[in-house]
file model.pdb (PDB, C-alpha atoms, pLDDT in the B column)
ATOM      1  CA  MET E  34      61.426  45.646 111.873  1.00 60.00           C
ATOM      2  CA  GLU E  35      64.109  48.324 111.978  1.00 74.00           C
ATOM      3  CA  SER E  36      63.127  51.762 110.624  1.00 88.00           C
ATOM      4  CA  ALA E  37      65.512  54.396 109.257  1.00 93.00           C
ATOM      5  CA  THR E  38      65.745  57.573 107.210  1.00 96.00           C
ATOM      6  CA  ILE E  39      67.999  57.318 104.168  1.00 96.00           C
ATOM      7  CA  THR E  40      68.866  59.048 100.916  1.00 97.00           C
ATOM      8  CA  ALA E  41      68.664  56.752  97.894  1.00 97.00           C
ATOM      9  CA  GLU E  42      72.079  56.752  96.247  1.00 96.00           C
ATOM     10  CA  LYS E  43      72.034  55.010  92.893  1.00 95.00           C
ATOM     11  CA  ILE E  44      69.916  52.583  90.957  1.00 96.00           C
ATOM     12  CA  VAL E  45      71.266  49.116  90.245  1.00 94.00           C
ATOM     13  CA  SER E  46      70.337  46.328  87.873  1.00 86.00           C
ATOM     14  CA  GLY E  47      66.806  45.170  88.616  1.00 87.00           C
ATOM     15  CA  GLY E  48      65.546  48.655  89.445  1.00 90.00           C
ATOM     16  CA  ASN E  49      66.354  48.828  93.165  1.00 95.00           C
ATOM     17  CA  CYS E  50      68.154  51.824  94.610  1.00 97.00           C
ATOM     18  CA  ILE E  51      70.926  51.292  97.078  1.00 97.00           C
ATOM     19  CA  SER E  52      71.846  53.195 100.194  1.00 97.00           C
ATOM     20  CA  LYS E  53      73.960  52.472 103.262  1.00 95.00           C
ATOM     21  CA  ILE E  54      73.015  52.126 106.904  1.00 94.00           C
ATOM     22  CA  GLU E  55      76.033  51.906 109.196  1.00 92.00           C
ATOM     23  CA  GLY E  56      78.136  50.754 106.233  1.00 93.00           C
ATOM     24  CA  LYS E  57      75.740  47.969 105.198  1.00 96.00           C
ATOM     25  CA  THR E  58      74.157  48.125 101.731  1.00 97.00           C
ATOM     26  CA  VAL E  59      70.389  48.434 101.690  1.00 97.00           C
ATOM     27  CA  PHE E  60      68.339  47.691  98.557  1.00 97.00           C
ATOM     28  CA  VAL E  61      65.189  49.804  98.244  1.00 97.00           C
ATOM     29  CA  PRO E  62      62.699  49.024  95.457  1.00 95.00           C
ATOM     30  CA  TYR E  63      60.697  51.883  93.891  1.00 96.00           C
ATOM     31  CA  ALA E  64      63.099  54.568  95.100  1.00 98.00           C
ATOM     32  CA  ILE E  65      64.755  57.143  92.865  1.00 98.00           C
ATOM     33  CA  PRO E  66      68.341  58.363  93.351  1.00 98.00           C
ATOM     34  CA  GLY E  67      68.455  61.465  95.536  1.00 97.00           C
ATOM     35  CA  GLU E  68      65.151  60.852  97.309  1.00 98.00           C
ATOM     36  CA  ARG E  69      65.037  61.094 101.079  1.00 98.00           C
ATOM     37  CA  LEU E  70      62.971  58.222 102.444  1.00 98.00           C
ATOM     38  CA  ARG E  71      61.724  56.679 105.630  1.00 98.00           C
ATOM     39  CA  ILE E  72      62.141  52.935 105.197  1.00 98.00           C
ATOM     40  CA  HIS E  73      61.886  49.773 107.224  1.00 96.00           C
ATOM     41  CA  ILE E  74      64.095  46.739 106.834  1.00 95.00           C
ATOM     42  CA  GLU E  75      62.115  43.734 105.639  1.00 94.00           C
ATOM     43  CA  LYS E  76      64.908  41.208 105.418  1.00 93.00           C
ATOM     44  CA  GLU E  77      68.405  41.121 106.871  1.00 93.00           C
ATOM     45  CA  MET E  78      71.074  39.205 105.024  1.00 95.00           C
ATOM     46  CA  ARG E  79      74.705  38.867 106.050  1.00 94.00           C
ATOM     47  CA  ASP E  80      76.055  41.401 103.515  1.00 95.00           C
ATOM     48  CA  TYR E  81      72.974  43.503 102.723  1.00 96.00           C
ATOM     49  CA  SER E  82      69.401  44.314 103.713  1.00 96.00           C
ATOM     50  CA  LEU E  83      66.138  44.552 101.786  1.00 95.00           C
ATOM     51  CA  ALA E  84      63.860  47.464 102.639  1.00 96.00           C
ATOM     52  CA  CYS E  85      60.448  48.958 101.858  1.00 95.00           C
ATOM     53  CA  ILE E  86      59.529  52.614 101.624  1.00 97.00           C
ATOM     54  CA  ASP E  87      57.238  53.805 104.423  1.00 97.00           C
ATOM     55  CA  GLU E  88      57.245  57.462 103.425  1.00 97.00           C
ATOM     56  CA  ILE E  89      58.820  59.663 100.763  1.00 97.00           C
ATOM     57  CA  LEU E  90      60.172  62.620 102.739  1.00 98.00           C
ATOM     58  CA  GLU E  91      61.725  64.431  99.756  1.00 98.00           C
ATOM     59  CA  GLY E  92      60.612  63.043  96.402  1.00 97.00           C
ATOM     60  CA  SER E  93      62.390  63.261  93.087  1.00 98.00           C
ATOM     61  CA  GLU E  94      61.264  65.624  90.340  1.00 98.00           C
ATOM     62  CA  HIS E  95      61.412  62.496  88.146  1.00 98.00           C
ATOM     63  CA  ARG E  96      58.753  60.586  90.125  1.00 98.00           C
ATOM     64  CA  VAL E  97      55.555  59.989  88.141  1.00 97.00           C
ATOM     65  CA  SER E  98      52.382  57.991  88.674  1.00 96.00           C
ATOM     66  CA  PRO E  99      52.693  54.538  87.070  1.00 95.00           C
ATOM     67  CA  VAL E 100      50.424  53.934  84.088  1.00 93.00           C
ATOM     68  CA  CYS E 101      49.716  50.296  84.928  1.00 93.00           C
ATOM     69  CA  PRO E 102      47.265  49.484  87.741  1.00 92.00           C
ATOM     70  CA  LEU E 103      49.227  46.264  88.389  1.00 92.00           C
ATOM     71  CA  TYR E 104      52.550  48.038  88.845  1.00 92.00           C
ATOM     72  CA  GLN E 105      54.324  46.789  91.989  1.00 90.00           C
ATOM     73  CA  LYS E 106      52.122  43.663  91.940  1.00 89.00           C
ATOM     74  CA  CYS E 107      53.192  41.846  88.783  1.00 85.00           C
ATOM     75  CA  GLY E 108      56.872  41.108  88.305  1.00 79.00           C
ATOM     76  CA  GLY E 109      57.182  42.684  84.868  1.00 83.00           C
ATOM     77  CA  CYS E 110      58.153  46.332  85.343  1.00 88.00           C
ATOM     78  CA  ASN E 111      60.384  48.035  87.877  1.00 90.00           C
ATOM     79  CA  MET E 112      60.725  51.685  86.838  1.00 93.00           C
ATOM     80  CA  GLN E 113      57.263  52.941  85.824  1.00 94.00           C
ATOM     81  CA  HIS E 114      57.445  55.368  88.764  1.00 96.00           C
ATOM     82  CA  ILE E 115      60.268  57.249  86.982  1.00 96.00           C
ATOM     83  CA  ASP E 116      59.782  59.551  83.998  1.00 96.00           C
ATOM     84  CA  SER E 117      60.907  58.054  80.701  1.00 92.00           C
ATOM     85  CA  ALA E 118      63.839  60.373  79.983  1.00 92.00           C
ATOM     86  CA  PHE E 119      65.369  59.817  83.425  1.00 95.00           C
ATOM     87  CA  GLN E 120      64.815  56.047  83.122  1.00 93.00           C
ATOM     88  CA  LYS E 121      67.053  56.080  80.051  1.00 91.00           C
ATOM     89  CA  GLU E 122      69.745  58.011  81.952  1.00 92.00           C
ATOM     90  CA  LEU E 123      69.567  55.539  84.844  1.00 94.00           C
ATOM     91  CA  ARG E 124      69.752  52.539  82.496  1.00 91.00           C
ATOM     92  CA  ALA E 125      72.838  54.053  80.824  1.00 91.00           C
ATOM     93  CA  CYS E 126      74.502  54.525  84.237  1.00 91.00           C
ATOM     94  CA  THR E 127      73.650  50.947  85.236  1.00 92.00           C
ATOM     95  CA  LEU E 128      75.155  49.599  82.014  1.00 91.00           C
ATOM     96  CA  LYS E 129      78.249  51.779  82.356  1.00 92.00           C
ATOM     97  CA  ASP E 130      78.707  50.488  85.945  1.00 91.00           C
ATOM     98  CA  ALA E 131      78.449  46.884  84.706  1.00 91.00           C
ATOM     99  CA  PHE E 132      81.246  47.501  82.206  1.00 93.00           C
ATOM    100  CA  LEU E 133      83.364  49.247  84.873  1.00 93.00           C
ATOM    101  CA  ARG E 134      83.056  46.218  87.162  1.00 93.00           C
ATOM    102  CA  GLU E 135      84.625  44.205  84.325  1.00 95.00           C
ATOM    103  CA  GLY E 136      87.460  46.721  83.912  1.00 96.00           C
ATOM    104  CA  ILE E 137      86.065  48.316  80.751  1.00 95.00           C
ATOM    105  CA  GLU E 138      85.848  52.107  80.798  1.00 92.00           C
ATOM    106  CA  LEU E 139      83.400  53.737  78.417  1.00 90.00           C
ATOM    107  CA  GLU E 140      83.180  57.443  77.683  1.00 86.00           C
ATOM    108  CA  SER E 141      79.420  57.289  77.287  1.00 85.00           C
ATOM    109  CA  VAL E 142      76.561  54.860  76.864  1.00 85.00           C
ATOM    110  CA  LYS E 143      73.519  55.597  74.762  1.00 82.00           C
ATOM    111  CA  VAL E 144      70.340  53.702  75.526  1.00 81.00           C
ATOM    112  CA  VAL E 145      68.368  52.949  72.400  1.00 82.00           C
ATOM    113  CA  GLY E 146      64.777  51.997  73.029  1.00 77.00           C
ATOM    114  CA  ALA E 147      61.351  51.783  71.531  1.00 75.00           C
ATOM    115  CA  ASP E 148      58.204  53.563  72.652  1.00 84.00           C
ATOM    116  CA  ASP E 149      57.503  53.709  76.370  1.00 86.00           C
ATOM    117  CA  PHE E 150      54.426  51.472  75.993  1.00 90.00           C
ATOM    118  CA  GLY E 151      53.146  48.897  73.507  1.00 90.00           C
ATOM    119  CA  TYR E 152      56.596  47.467  72.766  1.00 90.00           C
ATOM    120  CA  ARG E 153      56.921  44.200  74.706  1.00 88.00           C
ATOM    121  CA  ALA E 154      56.388  41.113  72.566  1.00 88.00           C
ATOM    122  CA  ARG E 155      57.744  38.452  74.921  1.00 89.00           C
ATOM    123  CA  PHE E 156      55.885  37.319  78.044  1.00 87.00           C
ATOM    124  CA  GLN E 157      56.054  34.239  80.204  1.00 87.00           C
ATOM    125  CA  LEU E 158      52.427  33.665  81.114  1.00 86.00           C
ATOM    126  CA  HIS E 159      51.321  31.339  83.895  1.00 85.00           C
ATOM    127  CA  ASN E 160      47.682  30.205  83.917  1.00 82.00           C
ATOM    128  CA  GLY E 161      46.441  33.444  82.366  1.00 73.00           C
ATOM    129  CA  GLY E 162      48.679  35.844  84.231  1.00 84.00           C
ATOM    130  CA  LEU E 163      52.129  36.935  85.234  1.00 88.00           C
ATOM    131  CA  MET E 164      54.044  35.961  88.324  1.00 88.00           C
ATOM    132  CA  ALA E 165      53.824  38.422  91.178  1.00 88.00           C
ATOM    133  CA  LYS E 166      57.001  40.217  92.157  1.00 84.00           C
ATOM    134  CA  GLN E 167      59.227  37.904  94.239  1.00 80.00           C
ATOM    135  CA  SER E 168      56.452  35.338  94.575  1.00 84.00           C
ATOM    136  CA  ASN E 169      54.914  32.287  92.951  1.00 87.00           C
ATOM    137  CA  ASP E 170      51.470  33.917  93.091  1.00 90.00           C
ATOM    138  CA  ILE E 171      49.813  34.586  89.746  1.00 90.00           C
ATOM    139  CA  VAL E 172      48.559  38.062  88.897  1.00 91.00           C
ATOM    140  CA  PRO E 173      45.706  37.634  86.388  1.00 90.00           C
ATOM    141  CA  LEU E 174      45.589  40.240  83.641  1.00 89.00           C
ATOM    142  CA  ASP E 175      43.628  40.979  80.504  1.00 90.00           C
ATOM    143  CA  PHE E 176      45.690  43.991  79.417  1.00 93.00           C
ATOM    144  CA  CYS E 177      49.273  45.169  79.789  1.00 93.00           C
ATOM    145  CA  PRO E 178      50.206  48.700  78.713  1.00 94.00           C
ATOM    146  CA  CYS E 179      53.701  47.507  77.774  1.00 92.00           C
ATOM    147  CA  ALA E 180      52.481  44.662  75.530  1.00 92.00           C
ATOM    148  CA  VAL E 181      52.234  44.828  71.753  1.00 94.00           C
ATOM    149  CA  PRO E 182      48.634  44.822  70.464  1.00 95.00           C
ATOM    150  CA  GLU E 183      48.833  41.123  69.517  1.00 94.00           C
ATOM    151  CA  ILE E 184      49.649  40.106  73.100  1.00 91.00           C
ATOM    152  CA  ASN E 185      46.832  42.256  74.466  1.00 93.00           C
ATOM    153  CA  ALA E 186      44.408  40.712  71.945  1.00 93.00           C
ATOM    154  CA  TYR E 187      45.474  37.253  73.200  1.00 90.00           C
ATOM    155  CA  LEU E 188      45.039  38.327  76.846  1.00 89.00           C
ATOM    156  CA  GLN E 189      41.538  39.608  76.064  1.00 90.00           C
ATOM    157  CA  GLN E 190      40.608  36.258  74.448  1.00 88.00           C
ATOM    158  CA  THR E 191      41.847  34.186  77.359  1.00 80.00           C
ATOM    159  CA  SER E 192      40.365  36.233  80.196  1.00 70.00           C
TER     160      SER E 192
END
call {"tool": "encode", "arguments": {"input": "model.pdb", "output": "structure tokens"}}
result
Amino acid sequence: MESATITAEKIVSGGNCISKIEGKTVFVPYAIPGERLRIHIEKEMRDYSLACIDEILEGSEHRVSPVCPLYQKCGGCNMQHIDSAFQKELRACTLKDAFLREGIELESVKVVGADDFGYRARFQLHNGGLMAKQSNDIVPLDFCPCAVPEINAYLQQTS
């Protein structure tokens, strides 16, 4: 499919970054605003395109190695490749943008959150695993770094 070099512009709800190619919006998962990337278009829609990163040409200082070995496979997390402090800034910007689209201007938005890991108490499990990202495939797991200890104890028992 079509290949291009872009600069990721901003992150949107769901964790994708957007950019433009010849005026058309391109959604790029696992990018960070400001990164220069070589991408290829995976899916063309009428109003937008979906892309994948082929190469990070100029990475962000906020890029980190994800803690979870299932990151990018399971459908649970979408920003583990971004350091925690910058994630909070990006979430605040995303929320502020959502209010702006509704005509509500806010001076600032403060993201209040728990620990980076061991906080998630709600999961929708399917036959011992989580659904893969954008798929009906099941990703089996016996541990999730984001899960509270009680969920991980349950996953250990059922694996």
call {"tool": "atom_distance", "arguments": {"input": "model.pdb", "atom1": "CA of Asn160 in chain E", "atom2": "CA of Pro173 in chain E"}}
result
8.1 Å
call {"tool": "resolve_selection", "arguments": {"input": "model.pdb", "expression": "the PyMOL selection byres ((chain E and resi 48) around 7)", "output": "list of chain:residue names"}}
result
E:Ile44, E:Val45, E:Ser46, E:Gly47, E:Asn49, E:Cys50, E:Pro62, E:Asn111, E:Met112
call {"tool": "resolve_selection", "arguments": {"input": "model.pdb", "expression": "the PyMOL selection byres ((chain E and resi 36) around 9)", "output": "PDB file with C-alpha atoms, in the coordinates of the input"}}
result
ATOM      1  CA  MET E  34      61.426  45.646 111.873  1.00 60.00           C
ATOM      2  CA  GLU E  35      64.109  48.324 111.978  1.00 74.00           C
ATOM      3  CA  ALA E  37      65.512  54.396 109.257  1.00 93.00           C
ATOM      4  CA  THR E  38      65.745  57.573 107.210  1.00 96.00           C
ATOM      5  CA  ARG E  71      61.724  56.679 105.630  1.00 98.00           C
ATOM      6  CA  ILE E  72      62.141  52.935 105.197  1.00 98.00           C
ATOM      7  CA  HIS E  73      61.886  49.773 107.224  1.00 96.00           C
ATOM      8  CA  ILE E  74      64.095  46.739 106.834  1.00 95.00           C
ATOM      9  CA  ASP E  87      57.238  53.805 104.423  1.00 97.00           C
TER      10      ASP E  87
END
call {"tool": "closest_residue", "arguments": {"input": "model.pdb", "among": "E:Ser93, E:Thr58, E:Asn185, E:Thr40", "to": "Arg153 in chain E", "atoms": "only C-alpha atoms"}}
result
E:Asn185
call {"tool": "axis_aligned_box", "arguments": {"input": "model.pdb", "around": "range 110-123 of chain E", "padding_each_side": "3 Å", "output": "lines of an AutoDock Vina configuration file"}}
result
center_x = 63.5
center_y = 53.4
center_z = 84.4
size_x = 18.5
size_y = 20.0
size_z = 14.8
call {"tool": "resolve_selection", "arguments": {"input": "model.pdb", "expression": "the PyMOL selection byres ((chain E and resi 149) around 10)", "output": "PyMOL selection string"}}
result
chain E and resi 113+116-118+146-148+150-153+178-179
call {"tool": "atom_distance", "arguments": {"input": "model.pdb", "atom1": "CA of Leu158 in chain E", "atom2": "CA of Gly109 in chain E"}}
result
10.9 Å
call {"tool": "atom_distance", "arguments": {"input": "model.pdb", "atom1": "CA of Pro182 in chain E", "atom2": "CA of Arg155 in chain E"}}
result
12.0 Å
call {"tool": "closest_residue", "arguments": {"input": "model.pdb", "among": "E:Ala84, E:Val145, E:Ile171, E:Ile184", "to": "Gly108 in chain E", "atoms": "all atoms listed in the file"}}
result
E:Ile171
call {"tool": "build_atoms", "arguments": {"input": "model.pdb", "residues": "range 134-148 of chain E", "atoms": "N, CA, C and O atoms", "output": "compact mmCIF listing (two decimals), in the frame of the given file"}}
result
# COMPACT_ATOMS: atom_id res chain seq x y z
N ARG E 134 82.76 47.36 86.28
CA ARG E 134 83.06 46.22 87.16
C ARG E 134 83.90 45.17 86.44
O ARG E 134 84.63 44.42 87.08
N GLU E 135 83.82 45.15 85.12
CA GLU E 135 84.62 44.20 84.32
C GLU E 135 85.92 44.84 83.82
O GLU E 135 86.62 44.26 83.00
N GLY E 136 86.21 46.06 84.29
CA GLY E 136 87.46 46.72 83.91
C GLY E 136 87.41 47.42 82.57
O GLY E 136 88.45 47.74 82.00
N ILE E 137 86.22 47.66 82.05
CA ILE E 137 86.06 48.32 80.75
C ILE E 137 85.50 49.71 80.99
O ILE E 137 84.39 49.87 81.49
N GLU E 138 86.30 50.73 80.62
CA GLU E 138 85.85 52.11 80.80
C GLU E 138 85.26 52.62 79.50
O GLU E 138 85.88 52.52 78.44
N LEU E 139 84.06 53.16 79.58
CA LEU E 139 83.40 53.74 78.42
C LEU E 139 83.22 55.24 78.63
O LEU E 139 82.92 55.67 79.75
N GLU E 140 83.41 56.00 77.56
CA GLU E 140 83.18 57.44 77.68
C GLU E 140 81.71 57.73 77.92
O GLU E 140 81.35 58.54 78.75
N SER E 141 80.86 57.08 77.13
CA SER E 141 79.42 57.29 77.29
C SER E 141 78.68 56.04 76.82
O SER E 141 79.21 55.21 76.10
N VAL E 142 77.45 55.96 77.26
CA VAL E 142 76.56 54.86 76.86
C VAL E 142 75.26 55.50 76.42
O VAL E 142 74.72 56.36 77.10
N LYS E 143 74.79 55.09 75.26
CA LYS E 143 73.52 55.60 74.76
C LYS E 143 72.51 54.47 74.80
O LYS E 143 72.73 53.40 74.23
N VAL E 144 71.40 54.70 75.47
CA VAL E 144 70.34 53.70 75.53
C VAL E 144 69.42 53.93 74.34
O VAL E 144 68.92 55.04 74.12
N VAL E 145 69.25 52.89 73.55
CA VAL E 145 68.37 52.95 72.40
C VAL E 145 67.15 52.12 72.74
O VAL E 145 67.27 50.96 73.13
N GLY E 146 65.98 52.72 72.64
CA GLY E 146 64.78 52.00 73.03
C GLY E 146 63.61 52.35 72.14
O GLY E 146 63.62 53.32 71.39
N ALA E 147 62.57 51.57 72.29
CA ALA E 147 61.35 51.78 71.53
C ALA E 147 60.45 52.76 72.29
O ALA E 147 60.89 53.46 73.20
N ASP E 148 59.18 52.75 71.94
CA ASP E 148 58.20 53.56 72.65
C ASP E 148 58.14 53.13 74.11
O ASP E 148 58.52 52.02 74.47
